>>> print(open('data-v4.txt').read())   # compact mmCIF, C-alpha atoms and all ligand atoms
# COMPACT_ATOMS: atom_id res chain seq x y z
CA MET E 1 -10.14 21.30 -22.49
CA ASN E 2 -6.75 20.03 -23.50
CA PRO E 3 -4.69 17.39 -21.73
CA SER E 4 -2.08 18.82 -19.39
CA SER E 5 1.42 19.18 -20.71
CA ALA E 6 2.82 18.94 -17.16
CA THR E 7 5.76 16.63 -16.56
CA PRO E 8 6.19 14.21 -13.63
CA SER E 9 7.48 15.81 -10.42
CA ARG E 10 6.72 14.63 -6.94
CA THR E 11 7.85 14.45 -3.34
CA ASP E 12 6.44 11.26 -1.85
CA THR E 13 5.13 11.50 1.70
CA GLY E 14 4.63 7.75 1.93
CA ILE E 15 1.09 8.34 3.14
CA ALA E 16 -1.48 7.61 0.49
CA GLY E 17 0.59 9.30 -2.16
CA ASP E 18 -0.03 13.02 -1.77
CA THR E 19 2.36 15.87 -2.29
CA GLY E 20 2.25 19.38 -0.91
CA PRO E 21 4.22 22.57 -1.19
CA GLY E 22 7.36 20.46 -1.65
CA ALA E 23 6.24 20.04 -5.25
CA ALA E 24 6.82 23.04 -7.49
CA ASP E 25 3.19 23.02 -8.52
CA TYR E 26 0.44 20.78 -7.28
CA ARG E 27 -0.82 20.51 -10.84
CA ARG E 28 2.13 18.22 -11.62
CA SER E 29 1.86 16.12 -8.49
CA HIS E 30 0.04 13.12 -9.95
CA VAL E 31 1.24 13.16 -13.54
CA GLY E 32 2.95 9.96 -14.68
CA ALA E 33 1.76 6.40 -15.13
CA ALA E 34 3.77 5.01 -12.18
CA LEU E 35 2.49 7.65 -9.75
CA ALA E 36 -1.07 7.12 -10.89
CA ALA E 37 -0.76 3.35 -10.57
CA ALA E 38 0.65 3.68 -7.02
CA TYR E 39 -2.19 6.00 -6.00
CA HIS E 40 -4.77 3.68 -7.51
CA ASP E 41 -3.19 0.75 -5.71
CA ASP E 42 -3.40 2.64 -2.37
CA PHE E 43 -7.12 3.10 -2.78
CA THR E 44 -7.98 -0.32 -4.15
CA ALA E 45 -5.55 -2.79 -2.61
CA ARG E 46 -4.18 -1.24 0.58
CA LEU E 47 -5.36 0.21 3.90
CA PRO E 48 -6.45 3.59 2.41
CA GLY E 49 -8.85 1.70 0.13
CA ARG E 50 -10.27 -0.35 2.99
CA TYR E 51 -10.60 2.86 5.01
CA TRP E 52 -12.40 4.58 2.15
CA ALA E 53 -14.88 1.67 1.83
CA THR E 54 -15.59 1.05 5.50
CA VAL E 55 -15.10 4.42 7.21
CA GLU E 56 -15.35 7.25 4.69
CA GLN E 57 -18.14 5.98 2.41
CA PRO E 58 -20.63 5.58 5.30
CA LEU E 59 -19.72 9.07 6.55
CA LEU E 60 -20.22 10.49 3.06
CA ALA E 61 -23.60 8.76 2.69
CA ASP E 62 -24.69 10.12 6.04
CA LEU E 63 -23.46 13.63 5.26
CA LEU E 64 -25.21 13.70 1.88
CA ALA E 65 -28.47 12.51 3.45
CA GLU E 66 -28.26 15.38 5.92
CA ALA E 67 -27.18 18.09 3.51
CA SER E 68 -29.06 17.37 0.26
CA SER E 69 -32.41 19.02 -0.25
CA ARG E 70 -33.25 16.72 -3.20
CA PRO E 71 -32.66 13.08 -4.06
CA LEU E 72 -29.15 12.24 -5.20
CA ASP E 73 -30.45 10.40 -8.25
CA GLN E 74 -31.79 13.72 -9.62
CA MET E 75 -28.47 15.49 -9.27
CA HIS E 76 -25.85 16.31 -11.89
CA HIS E 77 -22.51 15.67 -10.27
CA LEU E 78 -19.00 16.96 -10.98
CA ASP E 79 -15.99 15.33 -9.31
CA VAL E 80 -13.14 17.85 -9.25
CA ALA E 81 -9.56 16.53 -9.13
CA SER E 82 -11.13 13.12 -9.54
CA GLY E 83 -7.81 11.28 -9.66
CA SER E 84 -8.17 7.53 -10.09
CA GLY E 85 -11.90 7.86 -9.49
CA ARG E 86 -12.69 6.38 -6.08
CA VAL E 87 -15.25 9.09 -5.20
CA LEU E 88 -16.59 9.08 -8.75
CA ALA E 89 -17.07 5.29 -8.64
CA TRP E 90 -19.18 5.60 -5.52
CA LEU E 91 -21.28 8.56 -6.68
CA GLN E 92 -21.80 7.88 -10.40
CA PRO E 93 -24.33 5.04 -9.90
CA ARG E 94 -26.18 7.15 -7.31
CA THR E 95 -26.51 10.38 -9.31
CA ALA E 96 -28.32 11.30 -12.54
CA ARG E 97 -25.04 12.02 -14.29
CA SER E 98 -21.41 12.26 -13.23
CA THR E 99 -18.55 14.16 -14.83
CA ALA E 100 -14.94 13.98 -13.69
CA ILE E 101 -12.19 16.52 -14.25
CA ASP E 102 -8.49 16.09 -13.46
CA ILE E 103 -5.34 17.57 -14.86
CA SER E 104 -3.61 14.17 -14.91
CA ASP E 105 -4.64 11.93 -17.79
CA ASP E 106 -2.67 9.15 -16.07
CA MET E 107 -4.94 9.34 -13.03
CA LEU E 108 -8.08 9.57 -15.17
CA ALA E 109 -7.04 6.44 -17.09
CA HIS E 110 -7.83 4.43 -13.94
CA ALA E 111 -11.09 6.29 -13.39
CA ARG E 112 -12.20 5.70 -17.00
CA ALA E 113 -11.61 1.98 -16.63
CA ALA E 114 -13.48 1.81 -13.31
CA VAL E 115 -16.39 4.13 -14.18
CA PRO E 116 -17.07 3.90 -17.94
CA ALA E 117 -20.51 5.53 -17.56
CA ALA E 118 -19.07 8.86 -16.37
CA ALA E 119 -17.95 11.73 -18.63
CA PHE E 120 -14.29 12.75 -18.41
CA VAL E 121 -12.41 15.99 -18.92
CA VAL E 122 -8.64 16.24 -18.76
CA GLY E 123 -8.10 19.81 -17.67
CA ASP E 124 -7.25 22.38 -15.05
CA ALA E 125 -10.01 22.94 -12.49
CA SER E 126 -8.77 26.48 -11.89
CA THR E 127 -9.90 27.45 -15.41
CA MET E 128 -12.76 24.98 -15.95
CA ARG E 129 -15.98 26.06 -17.65
CA PHE E 130 -19.03 23.89 -18.33
CA GLY E 131 -22.11 24.60 -20.37
CA GLN E 132 -24.55 23.16 -17.81
CA PRO E 133 -24.60 23.84 -14.06
CA PHE E 134 -24.06 21.05 -11.56
CA ASP E 135 -26.11 20.34 -8.42
CA LEU E 136 -23.30 18.61 -6.58
CA VAL E 137 -19.53 19.09 -6.79
CA THR E 138 -17.13 16.84 -4.90
CA ALA E 139 -13.43 17.51 -4.31
CA PHE E 140 -11.58 15.03 -2.10
CA ARG E 141 -7.96 15.15 -0.99
CA PHE E 142 -7.42 18.24 -3.10
CA PHE E 143 -7.74 21.50 -1.16
CA LEU E 144 -5.26 20.62 1.57
CA ASN E 145 -2.26 20.25 -0.69
CA ALA E 146 -3.32 22.55 -3.52
CA GLY E 147 -1.83 25.68 -1.94
CA PRO E 148 -3.52 29.05 -1.40
CA GLU E 149 -3.74 30.38 -4.97
CA LEU E 150 -4.98 27.15 -6.53
CA ARG E 151 -7.44 26.61 -3.67
CA ALA E 152 -8.93 30.06 -4.19
CA ASP E 153 -9.16 29.78 -7.99
CA VAL E 154 -10.76 26.33 -7.86
CA LEU E 155 -13.28 27.42 -5.23
CA ASP E 156 -14.28 30.32 -7.47
CA ARG E 157 -14.65 28.04 -10.51
CA ILE E 158 -16.72 25.58 -8.44
CA GLY E 159 -18.95 28.45 -7.36
CA GLU E 160 -19.52 29.29 -11.03
CA CYS E 161 -20.18 25.65 -11.97
CA LEU E 162 -22.79 25.10 -9.27
CA ALA E 163 -26.47 25.82 -9.74
CA PRO E 164 -27.84 28.25 -7.13
CA GLY E 165 -28.16 26.36 -3.88
CA GLY E 166 -25.92 23.57 -5.18
CA LEU E 167 -23.65 21.64 -2.83
CA LEU E 168 -19.89 21.37 -2.60
CA VAL E 169 -18.71 18.32 -0.67
CA ALA E 170 -14.99 18.31 0.13
CA ASN E 171 -12.53 17.07 2.70
CA ILE E 172 -9.20 18.03 4.18
CA HIS E 173 -7.07 15.28 5.62
CA ALA E 174 -4.27 16.68 7.81
CA GLN E 175 -5.21 19.04 10.61
CA PRO E 176 -2.05 20.33 12.37
CA TRP E 177 -2.70 18.54 15.69
CA SER E 178 -3.66 15.19 14.18
CA THR E 179 -1.28 12.24 13.87
CA LEU E 180 -0.66 13.03 10.20
CA GLY E 181 -0.40 16.76 10.90
CA LEU E 182 2.19 16.22 13.64
CA TRP E 183 4.17 13.94 11.33
CA ARG E 184 4.16 16.52 8.55
CA ARG E 185 5.24 19.29 10.92
CA ALA E 186 8.01 17.17 12.39
CA LYS E 187 9.31 16.43 8.89
CA ARG E 188 9.37 20.12 8.12
CA ARG E 189 11.32 20.87 11.32
CA LEU E 190 13.84 18.22 10.35
CA GLY E 191 14.39 20.01 7.05
CA HIS E 192 12.48 17.57 4.82
CA PRO E 193 10.01 18.85 2.26
CA ALA E 194 6.73 18.66 4.10
CA ASP E 195 3.13 18.63 2.99
CA SER E 196 0.43 21.02 4.09
CA VAL E 197 -1.63 21.05 7.23
CA LEU E 198 -4.91 22.95 7.52
CA THR E 199 -7.46 23.30 10.31
CA ALA E 200 -11.18 22.79 9.80
CA ALA E 201 -11.66 26.35 11.04
CA ASP E 202 -9.31 27.77 8.38
CA PHE E 203 -10.87 25.73 5.60
CA GLY E 204 -14.34 26.75 6.84
CA GLN E 205 -13.26 30.39 6.67
CA LEU E 206 -11.94 29.91 3.15
CA LEU E 207 -15.27 28.41 2.11
CA ALA E 208 -17.11 31.39 3.62
CA ASP E 209 -14.75 33.83 1.86
CA HIS E 210 -15.66 32.20 -1.46
CA GLY E 211 -19.42 32.30 -0.99
CA PHE E 212 -20.14 28.92 0.63
CA GLU E 213 -22.10 28.21 3.79
CA VAL E 214 -21.33 25.03 5.73
CA VAL E 215 -24.51 22.96 6.10
CA ALA E 216 -23.15 19.63 7.39
CA GLU E 217 -19.82 18.32 8.62
CA ARG E 218 -18.14 15.19 9.94
CA THR E 219 -14.82 14.96 11.79
CA TYR E 220 -12.87 11.70 11.51
CA GLY E 221 -9.53 9.96 11.27
CA TYR E 222 -7.41 9.55 14.39
CA LEU E 223 -4.97 6.78 13.50
CA PRO E 224 -2.07 7.23 11.06
CA LEU E 225 -3.31 5.94 7.74
CA THR E 226 -0.47 4.23 5.91
CA ARG E 227 -0.23 2.47 2.58
CA ARG E 228 2.24 0.06 4.15
CA ILE E 229 -0.67 -2.00 5.50
CA GLY E 230 -2.33 -4.24 2.93
CA PRO E 231 -5.91 -5.51 3.10
CA GLY E 232 -6.71 -8.13 5.74
CA ARG E 233 -7.27 -8.42 9.45
CA LEU E 234 -4.90 -5.64 10.45
CA ALA E 235 -6.58 -3.20 8.07
CA ASP E 236 -10.01 -4.24 9.35
CA ALA E 237 -8.93 -3.79 12.99
CA PHE E 238 -7.50 -0.36 12.13
CA CYS E 239 -10.75 0.74 10.48
CA ALA E 240 -12.90 -0.61 13.32
CA ALA E 241 -10.78 1.21 15.93
CA ASP E 242 -10.92 4.44 13.95
CA ARG E 243 -14.71 4.17 13.49
CA ARG E 244 -15.05 3.76 17.22
CA LEU E 245 -12.92 6.82 17.94
CA ASN E 246 -14.89 8.82 15.35
CA GLY E 247 -18.09 8.00 17.23
CA LEU E 248 -16.66 8.77 20.66
CA LEU E 249 -14.76 12.00 20.05
CA PRO E 250 -16.38 15.41 19.46
CA SER E 251 -16.78 16.95 16.05
CA ARG E 252 -14.40 19.77 14.97
CA ASN E 253 -11.87 17.97 17.13
CA PRO E 254 -8.39 19.35 16.29
CA ALA E 255 -6.85 15.91 16.94
CA ALA E 256 -8.72 14.42 13.97
CA CYS E 257 -6.92 14.23 10.64
CA CYS E 258 -9.97 14.80 8.48
CA TRP E 259 -12.84 17.16 8.14
CA LEU E 260 -15.60 16.29 5.67
CA VAL E 261 -17.85 19.19 4.81
CA ALA E 262 -20.95 19.93 2.77
CA ALA E 263 -21.25 23.61 1.87
CA ARG E 264 -24.03 25.32 -0.02
CA ARG E 265 -23.27 27.94 -2.60
CA ILE E 266 -24.81 31.17 -1.35
CA ALA E 267 -23.09 33.78 -3.54
CA LEU E 268 -23.71 33.80 -7.26
CA GLY E 269 -20.59 33.27 -9.37
CA THR E 270 -20.07 34.81 -12.76
CA GLY E 271 -22.30 32.17 -14.33
CA ALA E 272 -21.65 28.91 -16.17
CA GLY E 273 -19.42 29.43 -19.17
CA SER E 274 -19.39 27.77 -22.54
CA GLY E 275 -18.55 24.10 -22.92
CA ALA E 276 -15.74 22.14 -21.26
C1 LIG E 301 -4.58 13.41 -3.99
S1 LIG E 301 -5.31 13.27 -5.56
C2 LIG E 301 -7.03 13.09 -5.13
C3 LIG E 301 -7.80 12.25 -6.10
C4 LIG E 301 -9.22 11.93 -5.69
N1 LIG E 301 -10.04 13.12 -5.55
C5 LIG E 301 -9.25 11.13 -4.41
O1 LIG E 301 -9.75 11.61 -3.41
O2 LIG E 301 -8.77 10.00 -4.43
C6 LIG E 301 -5.26 14.95 -6.15
C7 LIG E 301 -5.63 15.08 -7.61
O3 LIG E 301 -5.69 16.47 -7.94
C8 LIG E 301 -5.32 16.59 -9.29
N2 LIG E 301 -5.03 17.98 -9.60
C9 LIG E 301 -4.02 18.75 -9.13
N3 LIG E 301 -4.12 20.00 -9.59
C10 LIG E 301 -5.23 20.03 -10.37
C11 LIG E 301 -5.86 21.06 -11.14
N4 LIG E 301 -5.38 22.30 -11.18
N5 LIG E 301 -6.98 20.73 -11.84
C12 LIG E 301 -7.48 19.47 -11.81
N6 LIG E 301 -6.91 18.47 -11.12
C13 LIG E 301 -5.81 18.74 -10.39
C14 LIG E 301 -4.13 15.66 -9.40
O4 LIG E 301 -3.82 15.35 -10.73
C15 LIG E 301 -4.63 14.47 -8.58
O5 LIG E 301 -5.26 13.51 -9.38
>>> encode(input="data-v4.txt", output="structure tokens")
Amino acid sequence: MNPSSATPSRTDTGIAGDTGPGAADYRRSHVGAALAAAYHDDFTARLPGRYWATVEQPLLADLLAEASSRPLDQMHHLDVASGSGRVLAWLQPRTARSTAIDISDDMLAHARAAVPAAAFVVGDASTMRFGQPFDLVTAFRFFLNAGPELRADVLDRIGECLAPGGLLVANIHAQPWSTLGLWRRAKRRLGHPADSVLTAADFGQLLADHGFEVVAERTYGYLPLTRRIGPGRLADAFCAADRRLNGLLPSRNPAACCWLVAARRIALGTGAGSGA
């Protein structure tokens, strides 16, 4: 696969560096060294990074233990839209082999430095083909902002990349009635370019439409996650409060920002293609 020829273009939401339909094409949203560095900084040196380490990683470990029918260290893993590699860095040492694909070479530069043992592909996940099937595919902070066509194409390619019975683990991070969802909708009403919102129910339906069956889920994220908070006591208090709310409030709660889901591939795709 060839490196993307996309040029930098982005509408900054100020929240952990994502863009949505405000960008002409999500494929261009994280192209550019400065954008990639800012995203990497969010997830290594600011509240989103602390949140990932202390709230999301334990939820992911728990979800994988519930959903996987075989040990993680026997699985071949593909991280789709890997970005600067935070999910890859956590999974690569736990799996038999990890491969990362992202359209932004700038984002992957950070992932390569952090996870030298992984294999990397700069390319478009909506046209990806690999010679060997994967047992586990992850895709974090991607489907929400990707937009309908890209979502559908990437789900189909993931279905083709997965071995029968393989697992897709993905999240969405702005349900419409969550703090972040309300913020995004208010921005849109005020005429600003606004990012996507998506309910767990709608994403669950999309998964079903593309041949996936939900086998485990976690609902989390009640407080507004902002990169404006650095690491330290405030970040730790934020994460502790959010963990507490996650434990207290019911799952599939529409007031939660995030839905983390493990879905098993039940429909056969068109088969693994030839070489990435
Ligand atoms: C918000 S970042 C998420 C990165 C990482 N998964 C994480 O959770 O930190 C979204 C990523 O999707 C990538 N991306 C967008 N369109 C893509 C496509 N068509 N194929 C592969 N990657 C894509 C962007 O370059 C960006 O790195």
>>> closest_residue(input="data-v4.txt", among="E:Leu136, E:Ala201, E:Leu59, E:Val80", to="Ala263 of chain E", atoms="all atoms listed in the file")
E:Leu136
>>> residues_near_ligand(input="data-v4.txt", ligand="ligand LIG 301 (chain E)", cutoff="9 Å", atoms="all atoms listed in the file", output="JSON, numbers by chain")
{"E": [16, 17, 18, 19, 25, 26, 27, 28, 29, 30, 31, 36, 39, 40, 43, 79, 80, 81, 82, 83, 84, 85, 86, 87, 88, 101, 102, 103, 104, 105, 106, 107, 108, 122, 123, 124, 125, 126, 127, 128, 138, 139, 140, 141, 142, 143, 145, 146, 150, 151, 153, 154, 171]}
>>> closest_residue(input="data-v4.txt", among="E:Gln132, E:Val55, E:Ala34, E:Ser98", to="Gly247 of chain E", atoms="all atoms listed in the file")
E:Val55
>>> atom_distance(input="data-v4.txt", atom1="atom CA of Asp242 of chain E", atom2="atom CA of Tyr220 of chain E")
7.9 Å
>>> atom_distance(input="data-v4.txt", atom1="atom CA of Ala186 of chain E", atom2="atom CA of Leu223 of chain E")
16.7 Å
>>> atom_distance(input="data-v4.txt", atom1="atom CA of Asp73 of chain E", atom2="atom CA of Phe134 of chain E")
12.9 Å
>>> closest_residue(input="data-v4.txt", among="E:Gly230, E:Leu91, E:Ala113, E:Gln57", to="Thr44 of chain E", atoms="only C-alpha atoms")
E:Gly230
>>> closest_residue(input="data-v4.txt", among="E:Pro224, E:Pro176, E:Pro231, E:Gly165", to="Arg264 of chain E", atoms="only C-alpha atoms")
E:Gly165
>>> residues_around(input="data-v4.txt", residues="segment 61-67 of chain E", least_positions_apart="3", cutoff="9 Å", atoms="only C-alpha atoms", output="ChimeraX atom specification")
/E:56-58,71-72,167,169,215-218,260-264
>>> residues_around(input="data-v4.txt", residues="Ala235 of chain E", least_positions_apart="3", cutoff="8 Å", atoms="all atoms listed in the file", output="PyMOL selection string")
chain E and resi 47+50-51+229-232+238-239
>>> closest_residue(input="data-v4.txt", among="E:Thr179, E:Arg252, E:Arg265, E:Ile172", to="Ala208 of chain E", atoms="only C-alpha atoms")
E:Arg265
>>> closest_residue(input="data-v4.txt", among="E:Ala109, E:Ala114, E:Ala53, E:Ala89", to="Ala33 of chain E", atoms="all atoms listed in the file")
E:Ala109
